[in-house]
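Participant: File entry_5.txt below, compact mmCIF, C-alpha atoms:
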```txt
# COMPACT_ATOMS: atom_id res chain seq x y z
CA MET A 146 18.44 -8.98 -20.76
CA ASN A 147 15.05 -8.29 -22.24
CA THR A 148 13.43 -5.46 -20.27
CA SER A 149 10.41 -4.93 -22.52
CA VAL A 150 6.88 -5.59 -21.34
CA THR A 151 5.11 -7.58 -24.03
CA ALA A 152 1.40 -8.07 -24.40
CA CYS A 153 0.01 -11.48 -23.54
CA PRO A 154 -0.82 -13.37 -26.77
CA VAL A 155 -3.84 -15.01 -25.13
CA VAL A 156 -7.18 -13.53 -26.18
CA HIS A 157 -9.11 -13.30 -22.92
CA GLN A 158 -12.83 -13.85 -22.84
CA GLY A 159 -15.30 -11.66 -20.97
CA ARG A 160 -15.49 -7.94 -20.30
CA ASP A 161 -12.68 -5.80 -18.94
CA ASP A 162 -13.67 -4.05 -15.68
CA ARG A 163 -10.24 -2.56 -14.98
CA LYS A 164 -9.94 1.22 -14.70
CA SER A 165 -6.18 1.56 -14.40
CA ALA A 166 -4.99 -1.01 -16.95
CA ARG A 167 -4.68 1.23 -20.00
CA LEU A 168 -2.74 3.88 -18.07
CA ALA A 169 -0.46 1.22 -16.60
CA GLU A 170 0.23 -0.40 -19.95
CA ALA A 171 1.25 2.94 -21.43
CA ASN A 172 3.60 3.82 -18.57
CA LEU A 173 5.09 0.61 -17.18
CA ALA A 174 8.82 0.92 -16.69
CA PRO A 175 10.62 -1.83 -14.80
CA HIS A 176 14.03 -1.07 -13.33
CA ALA A 177 16.75 -0.92 -16.00
CA GLY A 178 18.19 -4.36 -16.66
CA ALA A 179 15.34 -6.25 -15.02
CA ARG A 180 13.65 -9.20 -16.72
CA VAL A 181 9.88 -9.04 -16.37
CA ILE A 182 7.99 -12.06 -15.01
CA GLY A 183 4.25 -12.14 -15.60
CA SER A 184 3.37 -15.70 -14.61
CA PHE A 185 1.74 -16.06 -11.19
CA PHE A 186 3.50 -19.28 -10.27
CA ALA A 187 6.93 -18.18 -11.51
CA GLY A 188 6.58 -14.86 -9.72
CA ARG A 189 5.58 -16.55 -6.50
CA GLU A 190 8.51 -18.95 -6.75
CA VAL A 191 10.95 -16.05 -7.08
CA LEU A 192 9.42 -14.03 -4.23
CA ARG A 193 9.46 -17.04 -1.89
CA SER A 194 13.00 -18.09 -2.75
CA PRO A 195 15.63 -17.68 0.01
CA ASN A 196 18.15 -16.95 -2.77
CA VAL A 197 16.83 -13.49 -3.71
CA ARG A 198 17.25 -10.04 -2.20
CA GLN A 199 15.39 -6.76 -2.50
CA ALA A 200 16.14 -4.86 -5.72
CA GLY A 201 14.93 -1.83 -7.62
CA ALA A 202 15.91 1.83 -7.53
CA THR A 203 15.38 2.47 -3.80
CA ALA A 204 16.88 -0.82 -2.65
CA ASP A 205 19.90 -0.36 -4.89
CA MET A 206 20.64 3.00 -3.26
CA THR A 207 20.37 1.64 0.28
CA ASP A 208 23.56 1.23 2.32
CA LEU A 209 23.17 -2.25 3.81
CA SER A 210 26.38 -1.92 5.82
CA LYS A 211 24.45 0.09 8.42
CA PRO A 212 21.30 -1.98 9.07
CA GLY A 213 20.47 0.10 12.14
CA GLU A 214 19.91 3.14 9.95
CA ILE A 215 17.56 1.61 7.39
CA SER A 216 14.05 0.21 7.53
CA PHE A 217 13.49 -3.52 7.88
CA PHE A 218 11.64 -3.29 4.56
CA PHE A 219 15.05 -3.26 2.86
CA LEU A 220 16.67 -6.01 4.93
CA ASP A 221 16.75 -9.72 4.17
CA GLY A 222 17.46 -12.93 6.03
CA ASP A 223 17.77 -13.09 9.81
CA LEU A 224 17.89 -9.30 10.30
CA HIS A 225 14.62 -8.91 8.42
CA ARG A 226 12.92 -11.78 10.24
CA LYS A 227 13.97 -10.52 13.67
CA ARG A 228 12.79 -6.97 13.17
CA ARG A 229 9.60 -8.02 11.44
CA ALA A 230 8.78 -10.52 14.20
CA ALA A 231 9.28 -7.84 16.87
CA VAL A 232 6.31 -5.83 15.58
CA ALA A 233 4.23 -8.65 14.05
CA GLY A 234 1.71 -8.45 16.87
CA LEU A 235 0.72 -4.95 15.72
CA PHE A 236 -0.74 -6.47 12.55
CA ALA A 237 -2.29 -9.60 14.05
CA PRO A 238 -6.04 -10.20 13.47
CA LYS A 239 -6.77 -9.96 17.20
CA THR A 240 -5.01 -6.59 17.43
CA ILE A 241 -6.95 -5.28 14.45
CA VAL A 242 -10.24 -6.17 16.11
CA THR A 243 -9.40 -5.15 19.69
CA ARG A 244 -7.41 -2.00 18.94
CA HIS A 245 -7.18 -0.73 15.37
CA GLN A 246 -10.90 -0.89 14.63
CA ALA A 247 -11.52 1.61 17.43
CA VAL A 248 -9.17 4.05 15.68
CA MET A 249 -10.83 3.37 12.34
CA ASN A 250 -14.32 3.98 13.72
CA ARG A 251 -13.24 7.11 15.59
CA THR A 252 -11.71 8.50 12.41
CA MET A 253 -14.84 7.64 10.45
CA ASP A 254 -16.94 9.51 13.02
CA GLU A 255 -14.86 12.59 12.20
CA ILE A 256 -15.03 11.98 8.46
CA VAL A 257 -18.80 11.47 8.50
CA ALA A 258 -19.31 14.62 10.58
CA LYS A 259 -17.09 16.60 8.20
CA LEU A 260 -18.86 15.28 5.11
CA GLN A 261 -22.37 15.83 6.46
CA GLY A 262 -21.43 19.26 7.77
CA ARG A 263 -19.95 20.47 4.49
CA GLY A 264 -22.27 18.55 2.18
CA SER A 265 -19.38 17.43 -0.02
CA ALA A 266 -15.69 16.63 0.19
CA VAL A 267 -12.74 15.40 -1.87
CA LEU A 268 -12.66 11.63 -1.51
CA ASP A 269 -8.88 11.16 -1.58
CA GLU A 270 -8.53 13.71 1.24
CA LEU A 271 -10.96 11.69 3.35
CA SER A 272 -9.22 8.40 2.57
CA TRP A 273 -5.86 10.01 3.38
CA GLN A 274 -7.16 11.00 6.82
CA MET A 275 -8.18 7.40 7.50
CA ALA A 276 -4.85 6.00 6.29
CA VAL A 277 -2.81 8.49 8.31
CA ASP A 278 -4.72 8.02 11.56
CA VAL A 279 -4.43 4.23 11.46
CA ALA A 280 -0.77 4.17 10.44
CA ALA A 281 0.09 6.83 13.05
CA ASP A 282 -1.40 4.71 15.82
CA ILE A 283 0.60 1.66 14.73
CA ILE A 284 3.82 3.62 14.41
CA GLY A 285 3.22 5.59 17.60
CA LEU A 286 2.95 9.07 16.08
CA THR A 287 0.24 10.09 18.51
CA ASN A 288 1.80 13.09 20.25
CA SER A 289 1.71 15.60 17.41
CA ASP A 290 -0.07 18.94 17.64
CA SER A 291 -2.89 17.50 15.49
CA SER A 292 -3.52 14.58 13.16
CA GLU A 293 -4.20 17.05 10.33
CA ASN A 294 -0.78 18.67 10.71
CA LEU A 295 0.88 15.27 11.02
CA ALA A 296 -0.78 14.23 7.76
CA LEU A 297 0.45 17.38 6.01
CA ARG A 298 4.02 16.92 7.22
CA VAL A 299 4.15 13.24 6.29
CA LYS A 300 2.68 14.01 2.88
CA ALA A 301 5.29 16.74 2.33
CA VAL A 302 8.14 14.34 3.10
CA LEU A 303 6.75 11.55 0.95
CA ASP A 304 6.07 13.95 -1.93
CA SER A 305 9.64 15.25 -1.67
CA SER A 306 11.03 11.72 -1.88
CA MET A 307 9.49 11.45 -5.36
CA GLU A 308 10.69 14.81 -6.67
CA HIS A 309 14.10 13.76 -7.98
CA LYS A 310 15.27 15.92 -10.88
CA PRO A 311 18.41 15.42 -12.95
CA GLY A 312 21.54 17.53 -12.67
CA LEU A 313 23.41 19.16 -9.83
CA LEU A 314 20.74 21.81 -9.26
CA GLY A 315 18.04 19.18 -9.09
CA LYS A 316 20.05 17.18 -6.59
CA LEU A 317 20.69 20.23 -4.41
CA THR A 318 17.04 21.31 -4.53
CA PHE A 319 15.90 17.80 -3.65
CA GLY A 320 18.32 17.63 -0.71
CA ALA A 321 17.29 21.03 0.63
CA LYS A 322 13.58 20.22 0.50
CA MET A 323 14.07 16.87 2.17
CA LEU A 324 16.22 18.38 4.92
CA ILE A 325 13.61 21.01 5.76
CA ARG A 326 10.58 18.73 5.57
CA VAL A 327 12.17 15.82 7.42
CA GLY A 328 13.35 18.30 10.07
CA ARG A 329 9.80 19.50 10.64
CA PHE A 330 8.55 15.93 10.85
CA TRP A 331 11.27 15.03 13.36
CA LYS A 332 10.71 18.07 15.57
CA ASN A 333 6.92 18.14 15.58
CA ASP A 334 6.00 14.47 15.35
CA MET A 335 8.87 12.12 16.13
CA VAL A 336 10.45 13.92 19.11
CA PRO A 337 7.22 14.31 21.13
CA ALA A 338 6.37 10.64 20.51
CA ILE A 339 9.87 9.43 21.46
CA GLU A 340 9.92 11.48 24.66
CA ALA A 341 6.50 10.14 25.63
CA ARG A 342 7.57 6.51 25.03
CA ARG A 343 10.68 6.89 27.17
CA THR A 344 8.48 7.45 30.23
CA GLN A 345 5.37 5.53 29.17
CA PRO A 346 6.09 2.69 26.70
CA GLN A 347 3.25 1.66 24.40
CA ASP A 348 2.62 -1.21 22.03
CA ASP A 349 3.87 0.50 18.88
CA VAL A 350 6.85 0.80 16.56
CA ILE A 351 8.38 3.86 18.24
CA THR A 352 8.42 2.12 21.62
CA TYR A 353 10.30 -0.78 20.03
CA MET A 354 12.80 1.60 18.43
CA VAL A 355 13.37 3.41 21.73
CA LYS A 356 13.92 0.09 23.50
CA GLU A 357 16.43 -1.02 20.83
CA ASN A 358 18.27 2.33 20.90
CA TYR A 359 17.73 3.17 17.25
CA SER A 360 19.67 6.12 15.89
CA LYS A 361 17.85 9.27 14.85
CA LYS A 362 18.28 8.36 11.18
CA GLY A 363 17.11 4.82 11.82
CA MET A 364 13.96 6.03 13.57
CA ILE A 365 13.12 8.46 10.80
CA MET A 366 13.67 5.87 8.06
CA GLU A 367 11.58 3.23 9.82
CA ALA A 368 8.70 5.59 10.60
CA LEU A 369 8.58 6.97 7.08
CA SER A 370 8.77 3.50 5.56
CA TYR A 371 5.73 2.45 7.56
CA GLY A 372 4.08 5.73 6.68
CA GLY A 373 4.70 5.40 2.97
CA ALA A 374 3.58 1.78 2.86
CA GLY A 375 0.57 2.26 5.11
CA MET A 376 -0.70 5.63 3.97
CA MET A 377 -0.07 6.12 0.27
CA THR A 378 -1.33 2.77 -1.00
CA THR A 379 -4.39 2.64 1.25
CA ARG A 380 -5.47 6.11 0.12
CA GLU A 381 -5.57 4.95 -3.50
CA PHE A 382 -7.17 1.60 -2.67
CA ILE A 383 -10.09 3.21 -0.84
CA VAL A 384 -10.79 5.62 -3.71
CA MET A 385 -10.53 2.89 -6.35
CA CYS A 386 -12.95 0.62 -4.47
CA ALA A 387 -15.39 3.49 -3.98
CA TRP A 388 -15.23 4.31 -7.70
CA HIS A 389 -16.14 0.74 -8.65
CA LEU A 390 -18.96 0.57 -6.09
CA PHE A 391 -20.46 3.91 -7.17
CA GLU A 392 -20.61 2.64 -10.76
CA LYS A 393 -21.97 -0.83 -9.99
CA PRO A 394 -25.28 -0.64 -8.06
CA GLU A 395 -25.68 -4.43 -7.82
CA LEU A 396 -22.17 -4.82 -6.43
CA LEU A 397 -22.79 -2.00 -3.95
CA ALA A 398 -26.05 -3.61 -2.83
CA ARG A 399 -24.21 -6.87 -2.26
CA PHE A 400 -21.46 -5.05 -0.33
CA LEU A 401 -23.95 -3.32 2.00
CA SER A 402 -26.18 -6.34 2.58
CA GLY A 403 -23.55 -9.05 2.91
CA PRO A 404 -21.48 -10.22 5.88
CA GLU A 405 -17.91 -9.04 6.44
CA ASP A 406 -16.45 -12.04 4.62
CA ASP A 407 -18.37 -11.11 1.49
CA GLN A 408 -17.34 -7.47 1.79
CA PHE A 409 -13.70 -8.53 1.99
CA ALA A 410 -14.16 -10.77 -1.07
CA ILE A 411 -15.41 -7.77 -3.06
CA LEU A 412 -12.54 -5.55 -1.93
CA GLU A 413 -9.91 -8.22 -2.60
CA GLU A 414 -11.25 -8.83 -6.09
CA ILE A 415 -11.08 -5.11 -6.88
CA LEU A 416 -7.52 -5.07 -5.59
CA ARG A 417 -6.68 -8.09 -7.75
CA LEU A 418 -7.72 -6.12 -10.82
CA GLU A 419 -6.36 -2.76 -9.63
CA PRO A 420 -3.16 -3.34 -7.61
CA VAL A 421 -1.80 0.02 -6.51
CA ALA A 422 1.82 -0.86 -7.28
CA THR A 423 2.88 -2.92 -10.29
CA PHE A 424 6.40 -4.26 -9.90
CA VAL A 425 8.28 -6.13 -7.18
CA HIS A 426 11.99 -6.35 -7.98
CA ARG A 427 14.37 -9.05 -6.77
CA ARG A 428 18.07 -9.74 -7.33
CA ALA A 429 19.48 -13.28 -7.18
CA ALA A 430 22.14 -13.58 -4.45
CA GLU A 431 22.51 -17.21 -5.50
CA PRO A 432 21.24 -19.09 -8.56
CA ILE A 433 17.65 -20.33 -8.58
CA ALA A 434 17.90 -23.76 -10.15
CA THR A 435 14.48 -24.34 -11.62
CA GLU A 436 12.84 -24.49 -15.00
CA GLY A 437 10.88 -21.75 -16.68
CA GLU A 438 10.66 -18.02 -15.94
CA ALA A 439 11.73 -18.36 -12.31
CA ALA A 440 15.25 -19.59 -13.19
CA MET A 441 17.88 -17.00 -12.27
CA GLN A 442 21.64 -16.76 -12.30
CA GLN A 443 23.53 -14.97 -9.54
CA GLY A 444 23.21 -11.21 -10.05
CA ASP A 445 20.13 -11.44 -12.28
CA VAL A 446 17.36 -8.93 -11.52
CA VAL A 447 13.70 -9.65 -12.20
CA ALA A 448 10.59 -7.52 -11.95
CA VAL A 449 7.52 -9.52 -10.97
CA ASN A 450 4.58 -7.87 -12.72
CA ILE A 451 1.75 -7.95 -10.17
CA ARG A 452 -0.86 -6.96 -12.74
CA ASP A 453 0.02 -9.81 -15.08
CA ALA A 454 0.32 -12.31 -12.24
CA ASN A 455 -3.12 -11.30 -10.94
CA THR A 456 -4.72 -11.90 -14.34
CA ASP A 457 -2.87 -15.10 -15.20
CA GLU A 458 -5.63 -17.53 -16.20
CA ALA A 459 -3.61 -20.40 -14.76
CA ILE A 460 -4.60 -19.10 -11.31
CA THR A 461 -7.66 -16.90 -11.98
CA GLY A 462 -9.65 -19.16 -14.26
CA ALA A 463 -11.66 -17.80 -17.19
CA CYS A 464 -12.44 -14.13 -17.81
CA PRO A 465 -9.58 -12.74 -15.69
CA PHE A 466 -10.42 -9.08 -16.34
CA GLU A 467 -13.97 -9.34 -14.98
CA LEU A 468 -14.71 -8.23 -11.42
CA ASP A 469 -15.99 -11.45 -9.87
CA PRO A 470 -16.07 -11.53 -6.03
CA ASP A 471 -16.67 -15.30 -6.06
CA ARG A 472 -13.52 -16.00 -8.06
CA ALA A 473 -11.08 -16.58 -5.19
CA LYS A 474 -13.42 -18.97 -3.38
CA ARG A 475 -14.10 -20.84 -6.61
CA MET A 476 -10.40 -21.07 -7.45
CA LYS A 477 -9.45 -21.81 -3.80
CA VAL A 478 -6.78 -19.10 -3.64
CA VAL A 479 -6.01 -16.10 -1.42
CA GLY A 480 -8.36 -13.27 -2.42
CA PRO A 481 -6.01 -10.42 -3.40
CA TYR A 482 -3.73 -12.86 -5.25
CA MET A 483 -0.33 -11.11 -5.39
CA SER A 484 -1.43 -7.53 -4.74
CA PHE A 485 0.31 -7.52 -1.34
CA SER A 486 3.36 -9.26 -2.86
CA ASP A 487 4.44 -12.67 -1.52
CA GLY A 488 7.20 -14.38 0.40
CA PRO A 489 9.10 -12.96 3.39
CA HIS A 490 8.40 -9.38 2.28
CA ARG A 491 4.64 -9.77 1.82
CA CYS A 492 3.01 -6.60 3.12
CA PRO A 493 2.64 -6.97 6.91
CA GLY A 494 -0.23 -4.48 6.96
CA ALA A 495 -2.39 -6.24 4.37
CA GLN A 496 -5.21 -7.07 6.78
CA VAL A 497 -5.07 -3.61 8.35
CA ALA A 498 -5.55 -2.02 4.91
CA LEU A 499 -8.48 -4.30 4.09
CA HIS A 500 -10.20 -3.60 7.42
CA GLU A 501 -9.87 0.17 7.22
CA THR A 502 -11.08 0.14 3.61
CA ARG A 503 -14.09 -1.99 4.55
CA ILE A 504 -15.03 0.24 7.49
CA PHE A 505 -14.54 3.44 5.48
CA LEU A 506 -16.73 2.28 2.60
CA ASP A 507 -19.38 0.62 4.76
CA ARG A 508 -19.86 3.81 6.77
CA MET A 509 -19.70 6.17 3.80
CA PHE A 510 -22.10 4.28 1.56
CA ARG A 511 -24.76 4.16 4.30
CA LEU A 512 -24.94 7.95 4.47
CA PRO A 513 -28.27 9.32 3.20
CA GLY A 514 -27.95 10.71 -0.31
CA ILE A 515 -24.34 9.63 -0.81
CA ARG A 516 -23.31 10.18 -4.41
CA LEU A 517 -20.28 10.69 -6.61
CA VAL A 518 -20.32 14.26 -7.90
CA SER A 519 -17.17 13.98 -9.99
CA GLU A 520 -14.98 11.03 -10.88
CA PRO A 521 -11.33 10.91 -9.85
CA LYS A 522 -8.61 11.95 -12.26
CA ILE A 523 -6.27 9.03 -12.70
CA SER A 524 -2.55 9.64 -13.22
CA TRP A 525 0.64 7.58 -13.12
CA ASN A 526 3.30 7.85 -10.44
CA SER A 527 6.48 6.70 -12.16
CA TYR A 528 8.40 6.57 -8.87
CA ILE A 529 6.25 3.83 -7.35
CA GLN A 530 5.02 2.52 -10.73
CA GLY A 531 1.43 2.85 -9.66
CA TYR A 532 -1.69 4.89 -10.21
CA GLU A 533 -2.93 7.89 -8.26
CA LEU A 534 -6.57 8.99 -7.99
CA ARG A 535 -7.23 12.64 -7.22
CA GLY A 536 -10.10 15.09 -7.16
CA ALA A 537 -13.12 12.81 -6.85
CA VAL A 538 -15.88 14.67 -5.01
CA VAL A 539 -18.53 12.90 -2.97
CA ALA A 540 -21.65 14.50 -1.54
CA CYS A 541 -24.41 13.49 0.85
CA ASP A 542 -27.51 14.91 2.50
CA PRO A 543 -26.80 17.22 5.46
CA ALA A 544 -27.17 15.81 8.96
```
Could you render the structure from this file as structure tokens?

Facilitator:
Amino acid sequence: MNTSVTACPVVHQGRDDRKSARLAEANLAPHAGARVIGSFFAGREVLRSPNVRQAGATADMTDLSKPGEISFFFLDGDLHRKRRAAVAGLFAPKTIVTRHQAVMNRTMDEIVAKLQGRGSAVLDELSWQMAVDVAADIIGLTNSDSSENLALRVKAVLDSSMEHKPGLLGKLTFGAKMLIRVGRFWKNDMVPAIEARRTQPQDDVITYMVKENYSKKGMIMEALSYGGAGMMTTREFIVMCAWHLFEKPELLARFLSGPEDDQFAILEEILRLEPVATFVHRRAAEPIATEGEAAMQQGDVVAVNIRDANTDEAITGACPFELDPDRAKRMKVVGPYMSFSDGPHRCPGAQVALHETRIFLDRMFRLPGIRLVSEPKISWNSYIQGYELRGAVVACDPA
């Protein structure tokens, strides 16, 4: 199969507002043997097909014979639907408004106080605090010694999961680090939450897992899957949106003066141009009998390129690389296009991520004297095939 990523022959009109595109183009690496799909409609057809299953490095290493010990993110069919439906209410619009926004605003109170007290702070550390606090409430990780320590332990585990090195020594080192860091997370964060839910059930993921008698391994895998999906990507999204708004005064003025719907349109358009992850891999369990790129034979693996799909002029219209908040409404499509994937595995926390990003930026940009002291350093995470933004410093006038 052809695994190369070729440049689109179409010469696009208009300016290019993307910040991560050049880095992505230089580092894109779909899973070995995967055929890349860049068309929006073909990619959507594959992701919505009942004939495909999760694929890619992590999915390929998952033991599906023990579904109780793996996250529902890696399941398909009825098992996936059942477990996803059981917690769907946690991501419903009503729940976001009546419950999650209180957590978001409380966290922003702490972030604003910290920023005004210090005068400056590292932006990705602030966005990480927001992402961790919101995800922890949804998961049920609310009985730790402190949210700061929870954030550090979760970060240590997630960082370890991306530190694979070749050879026996690398494998042993990786295993030892994971054992220690996961052990700390289990003892200090999971166990207190589980014990609390046994006596006082809550509306969260851990309560569901306790009720369903998940194994220790199953609980850890599920919690960390939610953590990785809800924390890592949102951290980058918040920083990327802030970077664009700092550089574009007219866009920032529109963001601060407009209603929520307009704010979401701006954020979704930034995400269309700057999706945090690039590839979604699928393997055909049965043939997909169709014409064009979406056609697959049993066993075929494809990598849907989110970046290419999001800038496919067949769905975006003209000037696909320009940041145009009115695009989605004009084209009558969902705002973030395919940035949250599509089909049965579309990100369940999409609306949560958009709401916490909107609240974070709305509060931060209204601080007197808010300014970007230093831009973020952008690097590539080959494990998730996405960008990382670190070291941006923001400052504001003291309280």

Participant: Give me, please, the distance in Å between atom CA of A:Arg326 and atom CA of A:Asn526, quoted to one decimal.

Facilitator: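 Atom CA of A:Asn526 lies at a distance of 20.7 Å from atom CA of A:Arg326.
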
Participant: State, in Å with one decimal place, the distance from atom CA of A:Arg491 to atom CA of A:Leu192.

Facilitator: 8.8 Å

Participant: Rank nothing, just name the residue among A:Leu418, A:Ala179, A:Ala430, A:Ala463 nearest to A:Gly201, using only C-alpha atoms.

Facilitator: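 That would be A:Ala179, the residue with the smallest distance to A:Gly201.
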
Participant: With all atoms listed in the file as the basis for distance, which of A:Arg228, A:Lys332, A:Arg251, A:Lys322 is at the shortest distance from A:Met354?

Facilitator: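 Going through A:Arg228, A:Lys332, A:Arg251, A:Lys322 one by one, the smallest distance to A:Met354 is for A:Arg228.
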
Participant: Which one of A:Ile529, A:Val446, A:Leu401, A:Ala495 sits closest to A:Leu303 if you count all atoms listed in the file?

Facilitator: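 Under the stated criterion, the closest residue is A:Ile529.
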
Participant: May I have the residues at most 12 Å from (-3.3, -14.2, -4.0) in the file's coordinates, counting only C-alpha atoms, as a PyMOL selection string?

Facilitator: chain A and resi 185-186+188-189+410+413-414+416-418+420+451-452+454-457+460-461+472-474+476-488+491+495

Participant: Save out the residues we just selected, C-alpha atoms, as a compact mmCIF listing (two decimals), keeping the file's coordinate frame.

Facilitator:
```
# COMPACT_ATOMS: atom_id res chain seq x y z
CA PHE A 185 1.74 -16.06 -11.19
CA PHE A 186 3.50 -19.28 -10.27
CA GLY A 188 6.58 -14.86 -9.72
CA ARG A 189 5.58 -16.55 -6.50
CA ALA A 410 -14.16 -10.77 -1.07
CA GLU A 413 -9.91 -8.22 -2.60
CA GLU A 414 -11.25 -8.83 -6.09
CA LEU A 416 -7.52 -5.07 -5.59
CA ARG A 417 -6.68 -8.09 -7.75
CA LEU A 418 -7.72 -6.12 -10.82
CA PRO A 420 -3.16 -3.34 -7.61
CA ILE A 451 1.75 -7.95 -10.17
CA ARG A 452 -0.86 -6.96 -12.74
CA ALA A 454 0.32 -12.31 -12.24
CA ASN A 455 -3.12 -11.30 -10.94
CA THR A 456 -4.72 -11.90 -14.34
CA ASP A 457 -2.87 -15.10 -15.20
CA ILE A 460 -4.60 -19.10 -11.31
CA THR A 461 -7.66 -16.90 -11.98
CA ARG A 472 -13.52 -16.00 -8.06
CA ALA A 473 -11.08 -16.58 -5.19
CA LYS A 474 -13.42 -18.97 -3.38
CA MET A 476 -10.40 -21.07 -7.45
CA LYS A 477 -9.45 -21.81 -3.80
CA VAL A 478 -6.78 -19.10 -3.64
CA VAL A 479 -6.01 -16.10 -1.42
CA GLY A 480 -8.36 -13.27 -2.42
CA PRO A 481 -6.01 -10.42 -3.40
CA TYR A 482 -3.73 -12.86 -5.25
CA MET A 483 -0.33 -11.11 -5.39
CA SER A 484 -1.43 -7.53 -4.74
CA PHE A 485 0.31 -7.52 -1.34
CA SER A 486 3.36 -9.26 -2.86
CA ASP A 487 4.44 -12.67 -1.52
CA GLY A 488 7.20 -14.38 0.40
CA ARG A 491 4.64 -9.77 1.82
CA ALA A 495 -2.39 -6.24 4.37
```

Participant: Work out how far apart atom CA of A:Arg163 and atom CA of A:His490 are and give it in Å to one decimal.

Facilitator: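 Between atom CA of A:Arg163 and atom CA of A:His490 the gap is 26.3 Å.
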
Participant: Go through stretch 230-279 of chain A and flag each residue having an atom no more than 12 Å from stretch 204-220 of chain A; for those, report the closest pair of atoms plus their distance in Å to one decimal, using all atoms listed in the file, ordered by chain and rising number, as a tab-separated table.

Facilitator:
```
residue	atom	partner	partner_atom	distance
A:Ala230	CA	A:Phe217	CA	10.5
A:Ala231	CA	A:Phe217	CA	10.8
A:Val232	CA	A:Phe217	CA	10.8
```

Participant: Could you add N, CA, C and O atoms to stretch 180-191 of chain A and give me the result as a compact mmCIF listing (two decimals), in the frame of the given file?

Facilitator:
```
# COMPACT_ATOMS: atom_id res chain seq x y z
N ARG A 180 14.48 -8.34 -15.87
CA ARG A 180 13.65 -9.20 -16.72
C ARG A 180 12.27 -9.31 -16.09
O ARG A 180 12.15 -9.62 -14.91
N VAL A 181 11.25 -9.06 -16.88
CA VAL A 181 9.88 -9.04 -16.37
C VAL A 181 9.30 -10.45 -16.32
O VAL A 181 9.41 -11.22 -17.27
N ILE A 182 8.69 -10.79 -15.19
CA ILE A 182 7.99 -12.06 -15.01
C ILE A 182 6.50 -11.77 -14.83
O ILE A 182 6.11 -11.02 -13.93
N GLY A 183 5.68 -12.37 -15.67
CA GLY A 183 4.25 -12.14 -15.60
C GLY A 183 3.44 -13.33 -15.14
O GLY A 183 2.25 -13.21 -14.85
N SER A 184 4.06 -14.49 -15.05
CA SER A 184 3.37 -15.70 -14.61
C SER A 184 3.18 -15.68 -13.10
O SER A 184 4.12 -15.37 -12.35
N PHE A 185 2.01 -16.04 -12.62
CA PHE A 185 1.74 -16.06 -11.19
C PHE A 185 2.65 -17.05 -10.47
O PHE A 185 3.27 -16.71 -9.46
N PHE A 186 2.74 -18.25 -10.98
CA PHE A 186 3.50 -19.28 -10.27
C PHE A 186 5.00 -19.01 -10.31
O PHE A 186 5.71 -19.23 -9.33
N ALA A 187 5.51 -18.52 -11.43
CA ALA A 187 6.93 -18.18 -11.51
C ALA A 187 7.25 -17.00 -10.60
O ALA A 187 8.26 -16.99 -9.90
N GLY A 188 6.37 -16.01 -10.59
CA GLY A 188 6.58 -14.86 -9.72
C GLY A 188 6.57 -15.25 -8.26
O GLY A 188 7.42 -14.79 -7.47
N ARG A 189 5.66 -16.10 -7.89
CA ARG A 189 5.58 -16.55 -6.50
C ARG A 189 6.83 -17.35 -6.12
O ARG A 189 7.34 -17.22 -5.00
N GLU A 190 7.31 -18.17 -7.04
CA GLU A 190 8.51 -18.95 -6.75
C GLU A 190 9.71 -18.05 -6.49
O GLU A 190 10.50 -18.29 -5.57
N VAL A 191 9.85 -16.99 -7.28
CA VAL A 191 10.95 -16.05 -7.08
C VAL A 191 10.80 -15.33 -5.74
O VAL A 191 11.75 -15.24 -4.95
```
